[in-house]
Amino acid sequence: MTTTPRTRLSPEQRREQLLDLGVRLLAHRSLDELSIDLLAEEAGISRGLLYHYFGSKQAFHEAVVRHAADDLIAQTTPPTDGEPLVRLMTSLTAYVDYVVANHEGYVSLVRAAAGGNESLRAIYEDARSSLNSRAFREDLRGEVVADTPANRLVVRAWSAMAEDAVLTWIDDPHGMTQEDLIGFLVASLPAVIAVTPEG
């Protein structure tokens, strides 16, 4: 009988593995339901080892949420080639798909950020800022959108509207198809930029 030798993970690799597991568990439960006990049980390790890696439940939640936010940013990165509207549609489609697949965790992050948890609000705002900054790379003509205070305000308002529209659509999708929703969001960004007063 042959046995496969076990690969010993470095502390960084093990922590990354635990964060990946935390993000997968967060997809279908709220942040409050994501406990050290649950992760330890799912990972087949002791609670003490989790505390060794994360220190506290709060630190564990923050690390998982930051990891999830990094995943969201990576998964919604628009392609570098193609027409700007097509790239925007690709990115928004990936965003909608991500929120659908990770609904419970995403909603709990939005609520935690709105509820006054400063650490989680900072993570949420960092992710939102990264996503919003993409609007200033190119407009519909392939030119850079002017990075003005007025445009920043309008893009931030558009992203809040887009997030709310996606979350509302997930709760009650009878108003439009996913394709219709994405088409509306794609068309609405250049429309609001077009009427923004020059800053």
# chains A, B, ... in the order shown; residues from 1 in each chain; ligands from 1

$ select_by_dssp --residues "range 111-140 of chain A" --states "alpha helix (DSSP H)" --output "PyMOL selection string"
chain A and resi 111-114+118-133

$ residues_around --residues "range 98-109 of chain A" --least-positions-apart "3" --cutoff "10 Å" --atoms "only C-alpha atoms" --output "ChimeraX atom specification"
/A:23-34,65,68-69,71-72,75-76,92-95,112-115,117,120-121,123-124,163,166-167,169-171

$ residues_around --residues "range 15-18 of chain A" --least-positions-apart "6" --cutoff "8 Å" --atoms "only C-alpha atoms" --output "ChimeraX atom specification"
/A:39,43,53

$ write_last_selection --atoms "all heavy atoms" --output "PDB file, in the first residue's frame"
ATOM      1  N   LEU A  39     -15.669  27.576  11.589  1.00  0.00           N
ATOM      2  CA  LEU A  39     -14.501  27.456  10.720  1.00  0.00           C
ATOM      3  C   LEU A  39     -13.577  26.344  11.199  1.00  0.00           C
ATOM      4  O   LEU A  39     -13.053  25.570  10.399  1.00  0.00           O
ATOM      5  CB  LEU A  39     -13.741  28.781  10.641  1.00  0.00           C
ATOM      6  CG  LEU A  39     -12.613  28.789   9.598  1.00  0.00           C
ATOM      7  CD1 LEU A  39     -13.171  28.679   8.187  1.00  0.00           C
ATOM      8  CD2 LEU A  39     -11.764  30.027   9.720  1.00  0.00           C
ATOM      9  N   ALA A  43     -12.674  23.197   8.943  1.00  0.00           N
ATOM     10  CA  ALA A  43     -11.263  23.023   8.571  1.00  0.00           C
ATOM     11  C   ALA A  43     -10.630  21.809   9.232  1.00  0.00           C
ATOM     12  O   ALA A  43      -9.528  21.395   8.847  1.00  0.00           O
ATOM     13  CB  ALA A  43     -10.476  24.284   8.945  1.00  0.00           C
ATOM     14  N   TYR A  53      -3.844  32.094  14.495  1.00  0.00           N
ATOM     15  CA  TYR A  53      -3.725  32.780  13.202  1.00  0.00           C
ATOM     16  C   TYR A  53      -4.395  34.148  13.183  1.00  0.00           C
ATOM     17  O   TYR A  53      -3.942  35.060  12.491  1.00  0.00           O
ATOM     18  CB  TYR A  53      -4.311  31.922  12.078  1.00  0.00           C
ATOM     19  CG  TYR A  53      -3.396  30.814  11.633  1.00  0.00           C
ATOM     20  CD1 TYR A  53      -3.690  29.491  11.914  1.00  0.00           C
ATOM     21  CD2 TYR A  53      -2.222  31.086  10.946  1.00  0.00           C
ATOM     22  CE1 TYR A  53      -2.845  28.464  11.509  1.00  0.00           C
ATOM     23  CE2 TYR A  53      -1.370  30.078  10.534  1.00  0.00           C
ATOM     24  CZ  TYR A  53      -1.677  28.767  10.826  1.00  0.00           C
ATOM     25  OH  TYR A  53      -0.838  27.767  10.430  1.00  0.00           O
TER      26      TYR A  53
END

$ closest_residue --among "A:Val195, A:Ala150, A:Ala122, A:Leu181" --to "Glu62 in chain A" --atoms "only C-alpha atoms"
A:Ala122

$ atom_distance --atom1 "CA of Ala135 in chain A" --atom2 "CA of Ala165 in chain A"
18.4 Å
